[in-house]
Amino acid sequence: MTEKIFEIRHIDKLYGTLLANDDVSIHLNQGEILCLVGENGAGKSTIMKILYGLEAPTDGEIFVKGQKVHFHTPSDAMARGIGMVQQHFMLFENMSVAENIVFKNEISKGLFMDRKQTVQTVRKLSEKYGLKIDPEAKIEDCPVGLRQRVEILKILYQSAEIIIFDEPSAVLTPLEVESLLETIKSLAASGKSIVLITHKLQEVMTVADRIYVMRAGKVVAERLRGETDTDELAYLMVGHHPALREVPAAKPGKILLETKKLSLHREGRDILKDIDLHVDAGEVVGIAGVSGNGQTELEMCLTGLQRPTGGQVFLQGEEVTNAGVKAHRDSGMAYISEDRYLWGSAGEATLSENVLMAKENRPEFNSNNFLKQKAIKAYTKRLIERFSVKANDTEQKIRELSGGNAQKLITAREIMMDTPVLICCEPTRGIDIGAMEFIHDRILEKRENGCGVLLVSSELNEIMTLSDRIYVLFEGKITGEFKRGAVDEKTLGVLMLGGRHD
Amino acid sequence: MTKLKKFGSKFLEALGQPLVAVLLSLLIGAVIIGLSGKDILSSYAIMFKGAFGDGYYLSATLQRSTAIIMGGLAVCIAWRSGYESMGGEGQMIFGALLSALIAYYMPGPGIAKILVGILGAALVGAVYSILSGWLWEKFSVTFIISTLMMNYIANYIASYLTTYKVKDPQSRDINSIQTGKLIEEARFGKVSGLFQSDGLKETALGQYFKDFSVHWGFFFAIACAVLVYILLRKTKFGYQSKMNGLNSRFALYGGINARGMLYLVMILSGIAAGLGGAFEVFGSKYRYIDQMIFSTGYAWSGMVGALLANFDPFGTVLACILLAGLSTGGSAMQRSAGIPVETVNMLEGIIMLLMSVKLLHLIVIRRKVSREDRLKHEAELENGKEAEAK
Amino acid sequence: MNISVNYLASVFNSTLRYMTPLLLVTLCAGVCSKARVFNIGLEGTLLMSAFFAFLTQYFTRNIFLAVFVGMITGMVVTFVIAFFIVKLNGEPMIVGMAINKFAQGLTTFLLQMIFHTKGTVSDTSMKGLTKIAIPGIKDIPVLGTMFGNLTVVDYFAFVLAIVMFIIMYRTVIGFRIRCLGINPEAASSLGVRVPRYQIIATTLSGSMIGLAGCLLSLGSVTMFMQNISAARGYVAIAANNLCFGHPLGALASSALFGFTTALAQVLQNSALKQQLLQCIPYISTILAMMVFNFANAKKKQK
């Protein structure tokens with residue numbers, strides 16, 4: 001009988017009305033590599049953040065080595081030997097590798113830093129675990145893979161016994177991933193216990209001893225590696241979906257939006273590489289992919305917020321590659337941003353001000369550069385009613401709305417632009433089922449009116465339901481293109497996770 | 001009832017913070033007066049009387065408020081759009097100097113002198129303001145450094161010119177560093193004799209306004225406030241600039257041209273400040289006197305006023321009149337109680353400090369933004385700036 | 001113009017005297033920026049320190065006490081700034097300007113209440129900071145001019161630059177301050193109380209502004225006048241930007257601006273008029289920032 005080094009019992013986590021963790025119970029054995037897999041928003045990261053003291057559980061208990069614990073801060077968790085390599089590295093840019101590792105537990109001679117000793121200790125540590133680094137290199141000069149190694153060493157320096165990796169491979173190149181997996185294996189071999197949060201199934205099959213599959217906040221399956229394969233896991237992750245709604249076949253017309261060899265190269269990496277896609281009149285085109293594979297950059301290049309480093313973008317036959325947002329919008333494009341707070345709205349502005357954005361030049365709201373306040377208010381009211389946004393007043397601040405209602409209003413704004421092209425990214429993130437169907441109807445309605453819609457979503461279900469054509473985006477490249485009905489969820493799931501299409 | 005409640009909360013939100021700030025600062029002022037051994041209540045009474053006590057004092061306050069209001073409007077336009085320019089002072093100095101020179105040297109009828117003078121002031125204010133915008137856009141020189149340095153530079157250049165190049169030819173006094181005095185026709189007229197008709201003369205209102213006499217500049221400033229109000233609240237520009245100030249990324253997302261916005265905002269705010277200088281010349285001083293803007297701190301008072309009003313043009317007018325009243329009342333207090341008028345500067349500093357934090361949130365609502373959120377937000381803003389720079 | 005060796009020596013001497021107050025303020029600005037406290041209230045802090053140091057000396061004739069009071073003033077004011085920014089989430093820009101405005105009001109108010117004047121106060125019987133004449137050097141013609149008329153604090157400023165370098169770059173405390181300034185989130189995720197560090201570090205560094213204030217009112221001349229700080233607080237922000245907050249770099253950047261101020265002084269006898277000369281430090285500040293940012297942007301592009 002192996003020892004349970006930690007055990008989580010019946011944890012619930014409520015964010016507002018969203019149940020992020022629903023009665024989650026998992027445990028980790030000494031020296032084991034445990035994988036938590038699931039789609040985005042399945043609750044994997046949340047549960048680990050609770051374990052690491054970053055979030056407080058709404059309900060449930062945590063035991064570490066048999067003792068019940070309450071973590072309020074990560075320091076509490078660290079004191080119990082739990083360390084976490086987070087997705088966003090917590091590093092001090094222009095400090096050296098060694099300095100980053102010893103922060104908070106510095107090696108000193110009196111008041112002074114003992115730089116020699118620091119470097120030596122770190123070097124020894126790195127040799128002990130076979131994690132090669134140059135202790136004196138500056139973090140800003142380190143590639144991502146090395147930075148991650150520094151994070152791991154930082155945790156080892158604090159003598160953690162449990163190491164949690166949150167999507168560690170999301171930011172790495174394939175070669176770096178390989179060496180990371182080696183590291184994880186050797187750490188486990190040296191007696192550390194590992195939790196790996198990921199949705200890349202090949203990795204899981206390479207390193208895991210045991211696997212939990214999570215979906216919609218619940219643990220839906222527990223498997224030993226020997227008992228399962230990537231197909232089953234992919235299936236378990238995505239789950240069974242209700243029968244797809246009947247959508248009549250599309251009648252595509254002329255090309256509305258087109259890219260030719262669109263590329264974006266940044267900081268030595270290809271974020272986007274030679275993207276060729278087109279959206280025709282009267283069709284919905286889906287971009288399927290796990291987030292972080294270039295979706296954000298793709299949408300920014302398409303909307304003019306980002307200048308691509310190569311290739312061209314055409315809207316209704318006119319090149320708009322470097323023309324800027326206004327030109328894109330003027331040539332008939334509306335855009336629902338995936339980040340509604342950062343880009344899609346101004347929290348301190350009123351609902352009608354938020355609704356007016358990009359419409360302030362239209363004659364129905366503007367006469368000789370004076371705004372027609374009444375018309376704007378009436379229009380806002382119409383949107384609020386039509387999209388059943390829960391709001392008191394058109395003049396309240398959008399920050400006062402709940403996330404779902406704000407999303408509805410923003411979606412409404414862009415859909416009602418009546419442009420030939422609509423780029424919509426995560427249009428239904430965080431809103432309830434009824435509203436989701438409603439928004440889906442609107443998107444399909446646009447299609448019927450002969451508009452072209454590009455849909456970027458991490459909800460596979462949404463993509464499958466609405467899209468007449470689907471592109472699969474993986475690591476900045478289009479790795480597959482399918483017509484409606486020509487592909488099933490399982491194949492798509494495998495492709496999205498970097499697998500091959502047979 | 002709910003309407004009343006809603007109005008109440010709106011009222012609290014709009015006026016609570018400035019009221020608390022002003023009251024607290026008056027309280028601190030009382031402590032200072034008390035410490036210097038004077039009677040607090042009578043000092044404040046003298047101050048109030050010296051600011052708004054009768055038509056004469058009211059006139060002094062309103063005339064003083066003219067340049068302050070213009071400085072405040074300049075801040076409203078710029079800060080509301082997200083550009084924290086503090087160059088109002090320099091723009092005002094050049095506005096005042098140029099308008100004084102034009103009106104003194106340009107031949108022609110008085111009204112032409114005034115009109116061209118005002119035009120020149122607007123132009124020079126705008127140009128000087130654009131310069132700081134250009135330093136920001138092209139060289140990332142922050143407004144705090146560029147505008148403050150430019151204020152000093154403007155003051156010294158104006159000082160140089162008035163000392164050596166355009167000194168009043170009629171003046172024999174070597175110590176009076178000033179330009180020539182404008183002829184009667186090239187000055188603003190005064191509005192006076194309000195409520196002095198036969199029926200009203202004997203009423204309290206008529207008595208109060210007996211010595212009321214305020215130059216046109218004040219009314220022009222009010223007109224400017226109305227214009228700024230319309231511009232900011234009713235036009236496309238007002239909408240776009242507000243969005244730019246609230247979330248510059250949202251503005252980009254909507255297709256607003258950030259560069260065009262910057263320069264337009266700088267021009268308008270520079271015009272407002274430049275006009276403030278001109279109004280002061282045509283209405284009060286009738287010439288440019290060395291240090292006349294720098295030492296009075298009109299632009300700074302305007303900034304405090306705009307902050308108090310949360311960049312609302314009409315609120316700014318009220319706040320600036322209040323601040324001007326503090327100064328004129330302060331002078332009265334100095335004359336009779338021997339308390340220096342500079343106390344007012346201190347009070348303005350305290351008001352500003354209190355306006356820097358969400359007082360009501362701290363005191364009444366006790367809602368505290370978590371530090372992490374703020375840091376995250378700051379980091380995002382920084383990234384945003386970098387992204388824009390690229 | 002007759003450029004003699006002696007003339008250059010006196011330029012050098014003026015540069016030194018103008019740079020030291022600026023250096024001290026820049027060092028404080030350096031700590032603030034490293035700790036990520038955006039402090040633009042340096043100007044007002046400097047003004048108040050200069051005033052209270054002068055006041056103490058005027059009444060007690062105890063130079064040690066005067067310097068002490070100056071330093072305390074610098075610390076108290078900086079604490080208020082840091083507290084408002086860090087703890088109360090005040091808008092840094094407004095907090096700083098408020099302090100500057102308040103300082104202006106307070107000093108003129110007290111000047112009037114105590115000395116009944118609006119302009120300048122000086123008392124010939126009053127002694128300032130002790131001047132140091134290095135024995136071997138003072139009689140050598142050129143060197144004597146170069147290092148003449150410098151006070152203890154002037155020399156100490158240079159020492160402080162080195163001390164600050166050691167504190168910020170060699171000790172554990174300095175290491176932590178620099179780290180948390182780079183990434184406060186990371187520091188607090190490791191259990192460091194970031195606000196506390198920020199407030200303590202900036203407050204202590206405020207004492208250097210206090211010293212700078214002493215140099216202004218009790219240094220080469222013993223007097224106080226309205227607005228004696230003359231935008232040095234703002235120039236220090238620029239100087240700090242130029243040296244990325246590095247204490248040794250502050251030596252160079254404050255020397256640059258010290259030189260431009262000295263230039264205004266020594267050119268007095270030339271054809272250029274006083275008022276135009278006084279613009280030089282301000283214009284050169286903007287120019288320096290332009291060149292510096294431009295070069296940086298170019299470097300980043302590569």
# chains A, B, ... in the order shown; residues from 1 in each chain; ligands from 1
>>> interface_residues(of="chain C", to="chain B", cutoff="6 Å", atoms="only C-alpha atoms", output="number ranges by chain")
C: 90-91, 94-95, 98, 101-102, 105-106, 109, 275, 279, 282, 290, 293-294
>>> residues_around(residues="Leu444 of chain A", least_positions_apart="2", cutoff="10 Å", atoms="only C-alpha atoms", output="list in words")
Val247, Pro248, Ala250, Gly282, Glu283, Val284, Phe438, Ile439, His440, Asp441, Arg442, Lys446, Arg447, Glu448, Asn449, Gly450, Cys451, Gly452, Val453, Leu466 and Ser467 of chain A
>>> write_last_selection(atoms="C-alpha atoms", output="PDB file, in the first residue's frame")
ATOM      1  CA  VAL A 247     -28.668  23.390 -39.314  1.00  0.00           C
ATOM      2  CA  PRO A 248     -29.589  23.585 -42.975  1.00  0.00           C
ATOM      3  CA  ALA A 250     -24.901  26.483 -46.274  1.00  0.00           C
ATOM      4  CA  GLY A 282     -23.339  32.697 -46.213  1.00  0.00           C
ATOM      5  CA  GLU A 283     -21.152  30.375 -44.170  1.00  0.00           C
ATOM      6  CA  VAL A 284     -19.889  30.012 -40.669  1.00  0.00           C
ATOM      7  CA  PHE A 438     -30.056  32.783 -28.625  1.00  0.00           C
ATOM      8  CA  ILE A 439     -26.635  33.989 -29.675  1.00  0.00           C
ATOM      9  CA  HIS A 440     -26.189  30.897 -31.823  1.00  0.00           C
ATOM     10  CA  ASP A 441     -29.466  31.710 -33.520  1.00  0.00           C
ATOM     11  CA  ARG A 442     -28.272  35.236 -34.230  1.00  0.00           C
ATOM     12  CA  LYS A 446     -26.349  36.365 -40.025  1.00  0.00           C
ATOM     13  CA  ARG A 447     -25.353  33.437 -42.156  1.00  0.00           C
ATOM     14  CA  GLU A 448     -28.809  33.268 -43.711  1.00  0.00           C
ATOM     15  CA  ASN A 449     -28.483  36.942 -44.572  1.00  0.00           C
ATOM     16  CA  GLY A 450     -25.418  36.155 -46.623  1.00  0.00           C
ATOM     17  CA  CYS A 451     -22.778  37.240 -44.140  1.00  0.00           C
ATOM     18  CA  GLY A 452     -19.573  35.378 -43.419  1.00  0.00           C
ATOM     19  CA  VAL A 453     -18.828  34.473 -39.831  1.00  0.00           C
ATOM     20  CA  LEU A 466     -22.450  26.114 -35.968  1.00  0.00           C
ATOM     21  CA  SER A 467     -19.663  25.692 -38.469  1.00  0.00           C
TER      22      SER A 467
END
>>> select_by_dssp(residues="segment 139-378 of chain B", states="alpha helix (DSSP H)", output="PDB file with C-alpha atoms, in the first residue's frame")
ATOM      1  CA  PHE B 139      10.173  60.258 -27.936  1.00  0.00           C
ATOM      2  CA  PHE B 143       4.065  64.553 -19.700  1.00  0.00           C
ATOM      3  CA  ILE B 144       5.237  65.002 -16.162  1.00  0.00           C
ATOM      4  CA  ILE B 145       8.746  65.839 -17.296  1.00  0.00           C
ATOM      5  CA  SER B 146       8.003  67.612 -20.568  1.00  0.00           C
ATOM      6  CA  THR B 147       5.154  69.814 -19.384  1.00  0.00           C
ATOM      7  CA  LEU B 148       6.704  70.818 -16.068  1.00  0.00           C
ATOM      8  CA  MET B 149      10.021  71.691 -17.678  1.00  0.00           C
ATOM      9  CA  MET B 150       8.199  73.600 -20.392  1.00  0.00           C
ATOM     10  CA  ASN B 151       6.365  75.631 -17.755  1.00  0.00           C
ATOM     11  CA  TYR B 152       9.658  76.837 -16.347  1.00  0.00           C
ATOM     12  CA  ILE B 153      11.060  77.466 -19.812  1.00  0.00           C
ATOM     13  CA  ALA B 154       7.987  79.486 -20.808  1.00  0.00           C
ATOM     14  CA  ASN B 155       8.232  81.590 -17.692  1.00  0.00           C
ATOM     15  CA  TYR B 156      11.908  82.364 -18.201  1.00  0.00           C
ATOM     16  CA  ILE B 157      11.496  83.139 -21.888  1.00  0.00           C
ATOM     17  CA  ALA B 158       8.579  85.443 -21.159  1.00  0.00           C
ATOM     18  CA  SER B 159      10.632  87.033 -18.436  1.00  0.00           C
ATOM     19  CA  TYR B 160      13.531  87.532 -20.815  1.00  0.00           C
ATOM     20  CA  ASP B 198     -35.608 101.286  -9.915  1.00  0.00           C
ATOM     21  CA  GLY B 199     -37.751  98.477  -8.644  1.00  0.00           C
ATOM     22  CA  LEU B 200     -34.884  96.256  -7.552  1.00  0.00           C
ATOM     23  CA  LYS B 201     -32.395  98.837  -6.357  1.00  0.00           C
ATOM     24  CA  ALA B 204     -31.443  92.983  -0.807  1.00  0.00           C
ATOM     25  CA  LEU B 205     -30.485  91.682  -4.204  1.00  0.00           C
ATOM     26  CA  GLY B 206     -29.982  95.174  -5.530  1.00  0.00           C
ATOM     27  CA  GLN B 207     -27.944  96.138  -2.502  1.00  0.00           C
ATOM     28  CA  TYR B 208     -25.759  93.063  -2.849  1.00  0.00           C
ATOM     29  CA  TRP B 216     -16.180  90.108 -20.079  1.00  0.00           C
ATOM     30  CA  GLY B 217     -13.439  87.542 -19.631  1.00  0.00           C
ATOM     31  CA  PHE B 218     -15.355  85.795 -16.915  1.00  0.00           C
ATOM     32  CA  PHE B 219     -18.392  85.458 -19.124  1.00  0.00           C
ATOM     33  CA  PHE B 220     -16.228  84.281 -21.976  1.00  0.00           C
ATOM     34  CA  ALA B 221     -14.841  81.641 -19.643  1.00  0.00           C
ATOM     35  CA  ILE B 222     -18.371  80.526 -18.803  1.00  0.00           C
ATOM     36  CA  ALA B 223     -19.111  80.404 -22.512  1.00  0.00           C
ATOM     37  CA  CYS B 224     -15.987  78.313 -22.997  1.00  0.00           C
ATOM     38  CA  ALA B 225     -17.181  75.963 -20.279  1.00  0.00           C
ATOM     39  CA  VAL B 226     -20.473  75.591 -22.134  1.00  0.00           C
ATOM     40  CA  LEU B 227     -18.576  74.894 -25.331  1.00  0.00           C
ATOM     41  CA  VAL B 228     -16.339  72.360 -23.610  1.00  0.00           C
ATOM     42  CA  TYR B 229     -19.403  70.785 -22.062  1.00  0.00           C
ATOM     43  CA  ILE B 230     -21.032  70.422 -25.449  1.00  0.00           C
ATOM     44  CA  LEU B 231     -17.792  69.193 -26.970  1.00  0.00           C
ATOM     45  CA  LEU B 232     -17.184  66.574 -24.312  1.00  0.00           C
ATOM     46  CA  ARG B 233     -20.741  65.485 -23.709  1.00  0.00           C
ATOM     47  CA  LYS B 234     -22.492  65.882 -26.989  1.00  0.00           C
ATOM     48  CA  LYS B 236     -18.289  62.340 -31.330  1.00  0.00           C
ATOM     49  CA  PHE B 237     -14.958  63.748 -30.228  1.00  0.00           C
ATOM     50  CA  GLY B 238     -16.100  63.881 -26.608  1.00  0.00           C
ATOM     51  CA  TYR B 239     -17.194  60.292 -26.794  1.00  0.00           C
ATOM     52  CA  GLN B 240     -14.029  59.040 -28.422  1.00  0.00           C
ATOM     53  CA  SER B 241     -11.746  60.951 -26.095  1.00  0.00           C
ATOM     54  CA  LYS B 242     -13.580  59.666 -23.053  1.00  0.00           C
ATOM     55  CA  MET B 243     -13.286  56.085 -24.261  1.00  0.00           C
ATOM     56  CA  ASN B 244      -9.605  56.656 -24.938  1.00  0.00           C
ATOM     57  CA  GLY B 245      -9.168  57.858 -21.385  1.00  0.00           C
ATOM     58  CA  LEU B 246     -11.146  55.017 -19.813  1.00  0.00           C
ATOM     59  CA  SER B 248      -7.230  53.000 -24.561  1.00  0.00           C
ATOM     60  CA  ARG B 249      -7.352  49.429 -25.827  1.00  0.00           C
ATOM     61  CA  PHE B 250     -11.105  49.533 -26.157  1.00  0.00           C
ATOM     62  CA  ALA B 251     -10.643  52.708 -28.193  1.00  0.00           C
ATOM     63  CA  LEU B 252      -8.141  50.937 -30.446  1.00  0.00           C
ATOM     64  CA  TYR B 253     -10.502  47.994 -30.757  1.00  0.00           C
ATOM     65  CA  ALA B 258      -4.926  57.134 -31.128  1.00  0.00           C
ATOM     66  CA  ARG B 259      -2.466  59.540 -32.711  1.00  0.00           C
ATOM     67  CA  GLY B 260      -5.085  61.881 -34.092  1.00  0.00           C
ATOM     68  CA  MET B 261      -6.801  61.816 -30.731  1.00  0.00           C
ATOM     69  CA  LEU B 262      -3.614  62.796 -28.903  1.00  0.00           C
ATOM     70  CA  TYR B 263      -2.964  65.833 -31.057  1.00  0.00           C
ATOM     71  CA  LEU B 264      -6.552  67.003 -31.169  1.00  0.00           C
ATOM     72  CA  VAL B 265      -6.742  66.800 -27.404  1.00  0.00           C
ATOM     73  CA  MET B 266      -3.467  68.651 -26.992  1.00  0.00           C
ATOM     74  CA  ILE B 267      -4.586  71.396 -29.355  1.00  0.00           C
ATOM     75  CA  LEU B 268      -7.905  71.948 -27.618  1.00  0.00           C
ATOM     76  CA  SER B 269      -6.433  71.900 -24.160  1.00  0.00           C
ATOM     77  CA  GLY B 270      -3.670  74.267 -25.261  1.00  0.00           C
ATOM     78  CA  ILE B 271      -6.219  76.670 -26.719  1.00  0.00           C
ATOM     79  CA  ALA B 272      -8.146  76.720 -23.448  1.00  0.00           C
ATOM     80  CA  ALA B 273      -5.030  77.486 -21.423  1.00  0.00           C
ATOM     81  CA  GLY B 274      -3.802  80.082 -23.926  1.00  0.00           C
ATOM     82  CA  LEU B 275      -7.166  81.854 -23.821  1.00  0.00           C
ATOM     83  CA  GLY B 276      -6.949  81.909 -20.047  1.00  0.00           C
ATOM     84  CA  GLY B 277      -3.806  83.996 -20.362  1.00  0.00           C
ATOM     85  CA  ALA B 278      -5.440  86.348 -22.852  1.00  0.00           C
ATOM     86  CA  PHE B 279      -8.510  86.856 -20.671  1.00  0.00           C
ATOM     87  CA  GLU B 280      -6.315  87.745 -17.746  1.00  0.00           C
ATOM     88  CA  TYR B 298      -3.762  79.984 -11.818  1.00  0.00           C
ATOM     89  CA  ALA B 299      -3.094  76.853 -13.834  1.00  0.00           C
ATOM     90  CA  TRP B 300      -2.503  74.788 -10.723  1.00  0.00           C
ATOM     91  CA  SER B 301      -5.668  76.014  -9.063  1.00  0.00           C
ATOM     92  CA  GLY B 302      -7.452  75.101 -12.264  1.00  0.00           C
ATOM     93  CA  MET B 303      -6.055  71.607 -12.038  1.00  0.00           C
ATOM     94  CA  VAL B 304      -7.297  71.249  -8.476  1.00  0.00           C
ATOM     95  CA  GLY B 305     -10.687  72.546  -9.597  1.00  0.00           C
ATOM     96  CA  ALA B 306     -10.892  70.056 -12.429  1.00  0.00           C
ATOM     97  CA  LEU B 307      -9.901  67.233 -10.096  1.00  0.00           C
ATOM     98  CA  LEU B 308     -12.528  68.291  -7.582  1.00  0.00           C
ATOM     99  CA  PRO B 313     -16.861  71.269 -17.174  1.00  0.00           C
ATOM    100  CA  PHE B 314     -19.649  72.884 -15.149  1.00  0.00           C
ATOM    101  CA  GLY B 315     -18.443  71.336 -11.954  1.00  0.00           C
ATOM    102  CA  THR B 316     -15.012  72.698 -12.811  1.00  0.00           C
ATOM    103  CA  VAL B 317     -16.457  76.212 -13.116  1.00  0.00           C
ATOM    104  CA  LEU B 318     -18.029  75.958  -9.683  1.00  0.00           C
ATOM    105  CA  ALA B 319     -14.947  74.444  -8.097  1.00  0.00           C
ATOM    106  CA  CYS B 320     -12.705  77.078  -9.667  1.00  0.00           C
ATOM    107  CA  ILE B 321     -14.914  79.896  -8.411  1.00  0.00           C
ATOM    108  CA  LEU B 322     -14.725  78.311  -4.982  1.00  0.00           C
ATOM    109  CA  LEU B 323     -10.934  78.126  -5.185  1.00  0.00           C
ATOM    110  CA  ALA B 324     -10.740  81.710  -6.439  1.00  0.00           C
ATOM    111  CA  GLY B 325     -12.942  82.628  -3.496  1.00  0.00           C
ATOM    112  CA  LEU B 326     -10.444  80.974  -1.185  1.00  0.00           C
ATOM    113  CA  SER B 327      -7.765  83.235  -2.628  1.00  0.00           C
ATOM    114  CA  THR B 328      -9.681  86.526  -2.550  1.00  0.00           C
ATOM    115  CA  GLY B 329     -11.060  85.616   0.845  1.00  0.00           C
ATOM    116  CA  GLY B 330      -7.537  84.677   1.846  1.00  0.00           C
ATOM    117  CA  SER B 331      -6.325  88.142   0.888  1.00  0.00           C
ATOM    118  CA  ALA B 332      -9.016  89.683   3.057  1.00  0.00           C
ATOM    119  CA  MET B 333      -7.953  87.416   5.886  1.00  0.00           C
ATOM    120  CA  GLN B 334      -4.382  88.540   5.371  1.00  0.00           C
ATOM    121  CA  ARG B 335      -5.357  92.194   5.508  1.00  0.00           C
ATOM    122  CA  SER B 336      -7.378  91.979   8.672  1.00  0.00           C
ATOM    123  CA  ALA B 337      -6.191  88.922  10.552  1.00  0.00           C
ATOM    124  CA  THR B 343      -2.621  79.271   3.494  1.00  0.00           C
ATOM    125  CA  VAL B 344      -4.878  78.821   0.509  1.00  0.00           C
ATOM    126  CA  ASN B 345      -2.107  77.101  -1.437  1.00  0.00           C
ATOM    127  CA  MET B 346      -1.763  74.672   1.400  1.00  0.00           C
ATOM    128  CA  LEU B 347      -5.474  74.020   1.466  1.00  0.00           C
ATOM    129  CA  GLU B 348      -5.395  73.352  -2.261  1.00  0.00           C
ATOM    130  CA  GLY B 349      -2.583  70.868  -1.739  1.00  0.00           C
ATOM    131  CA  ILE B 350      -4.581  69.104   0.940  1.00  0.00           C
ATOM    132  CA  ILE B 351      -7.702  69.046  -1.211  1.00  0.00           C
ATOM    133  CA  MET B 352      -5.682  67.494  -3.990  1.00  0.00           C
ATOM    134  CA  LEU B 353      -4.140  64.907  -1.719  1.00  0.00           C
ATOM    135  CA  LEU B 354      -7.562  63.961  -0.441  1.00  0.00           C
ATOM    136  CA  MET B 355      -8.920  63.765  -3.968  1.00  0.00           C
ATOM    137  CA  LEU B 359     -12.116  58.794   0.131  1.00  0.00           C
ATOM    138  CA  LEU B 360     -15.683  57.641   0.243  1.00  0.00           C
ATOM    139  CA  ARG B 371      -3.644  44.994  -4.179  1.00  0.00           C
ATOM    140  CA  GLU B 372      -3.014  42.084  -6.498  1.00  0.00           C
ATOM    141  CA  ASP B 373      -5.761  43.270  -8.814  1.00  0.00           C
ATOM    142  CA  ARG B 374      -4.216  46.666  -8.960  1.00  0.00           C
ATOM    143  CA  LEU B 375      -0.761  45.326  -9.656  1.00  0.00           C
ATOM    144  CA  LYS B 376      -2.145  43.108 -12.362  1.00  0.00           C
ATOM    145  CA  HIS B 377      -3.943  46.051 -13.831  1.00  0.00           C
ATOM    146  CA  GLU B 378      -0.778  48.116 -13.746  1.00  0.00           C
TER     147      GLU B 378
END
>>> residues_around(residues="Met205 of chain A", least_positions_apart="2", cutoff="10 Å", atoms="only C-alpha atoms", output="JSON, numbers by chain")
{"A": [35, 200, 201, 202, 203, 207, 208, 209, 210, 211, 225, 226, 228, 229, 230, 233]}
>>> closest_atom_pairs(of="chain A", to="chain C", cutoff="6 Å", atoms="only C-alpha atoms", output="Markdown table")
| residue | atom | partner | partner_atom | distance |
| --- | --- | --- | --- | --- |
| A:Ser75 | CA | C:Gly191 | CA | 5.5 |
| A:Met90 | CA | C:Ala186 | CA | 4.7 |
| A:Phe92 | CA | C:Asn183 | CA | 5.9 |
| A:Leu111 | CA | C:Thr171 | CA | 5.5 |
| A:Phe112 | CA | C:Thr171 | CA | 4.0 |
| A:Met113 | CA | C:Thr171 | CA | 5.1 |
>>> write_last_selection(atoms="N, CA and C atoms", output="tab-separated table (two decimals), in the first residue's frame")
chain	number	residue	atom	x	y	z
A	75	SER	N	2.53	30.58	0.76
A	75	SER	CA	3.59	30.31	1.73
A	75	SER	C	3.20	29.16	2.64
A	90	MET	N	6.62	33.17	-12.37
A	90	MET	CA	6.78	34.19	-11.36
A	90	MET	C	8.26	34.47	-11.21
A	92	PHE	N	11.81	37.18	-11.72
A	92	PHE	CA	12.27	38.56	-11.75
A	92	PHE	C	13.18	38.73	-12.97
A	111	LEU	N	24.62	40.95	6.49
A	111	LEU	CA	23.60	41.64	5.71
A	111	LEU	C	23.79	41.44	4.22
A	112	PHE	N	24.94	40.91	3.86
A	112	PHE	CA	25.28	40.91	2.45
A	112	PHE	C	24.93	39.59	1.78
A	113	MET	N	24.62	39.70	0.51
A	113	MET	CA	24.39	38.50	-0.29
A	113	MET	C	25.72	37.78	-0.45
>>> closest_atom_pairs(of="chain A", to="chain B", cutoff="7 Å", atoms="only C-alpha atoms", output="JSON lines")
{"residue": "A:Leu305", "atom": "CA", "partner": "B:Tyr253", "partner_atom": "CA", "distance": 6.9}
{"residue": "A:Val325", "atom": "CA", "partner": "B:Gly255", "partner_atom": "CA", "distance": 4.7}
{"residue": "A:Lys326", "atom": "CA", "partner": "B:Gly255", "partner_atom": "CA", "distance": 4.1}
{"residue": "A:Leu342", "atom": "CA", "partner": "B:Arg249", "partner_atom": "CA", "distance": 6.9}
{"residue": "A:Trp343", "atom": "CA", "partner": "B:Phe250", "partner_atom": "CA", "distance": 4.7}
{"residue": "A:Gly344", "atom": "CA", "partner": "B:Phe250", "partner_atom": "CA", "distance": 5.8}
{"residue": "A:Ser345", "atom": "CA", "partner": "B:Phe250", "partner_atom": "CA", "distance": 5.7}
{"residue": "A:Ala346", "atom": "CA", "partner": "B:Asn247", "partner_atom": "CA", "distance": 5.4}
{"residue": "A:Glu348", "atom": "CA", "partner": "B:Leu246", "partner_atom": "CA", "distance": 6.6}
{"residue": "A:Met357", "atom": "CA", "partner": "B:Gly254", "partner_atom": "CA", "distance": 5.6}
{"residue": "A:Ala358", "atom": "CA", "partner": "B:Gly254", "partner_atom": "CA", "distance": 4.8}
{"residue": "A:Glu360", "atom": "CA", "partner": "B:Lys236", "partner_atom": "CA", "distance": 6.4}
{"residue": "A:Asn369", "atom": "CA", "partner": "B:Lys236", "partner_atom": "CA", "distance": 5.3}
{"residue": "A:Phe370", "atom": "CA", "partner": "B:Thr235", "partner_atom": "CA", "distance": 4.2}
{"residue": "A:Leu371", "atom": "CA", "partner": "B:Thr235", "partner_atom": "CA", "distance": 5.2}
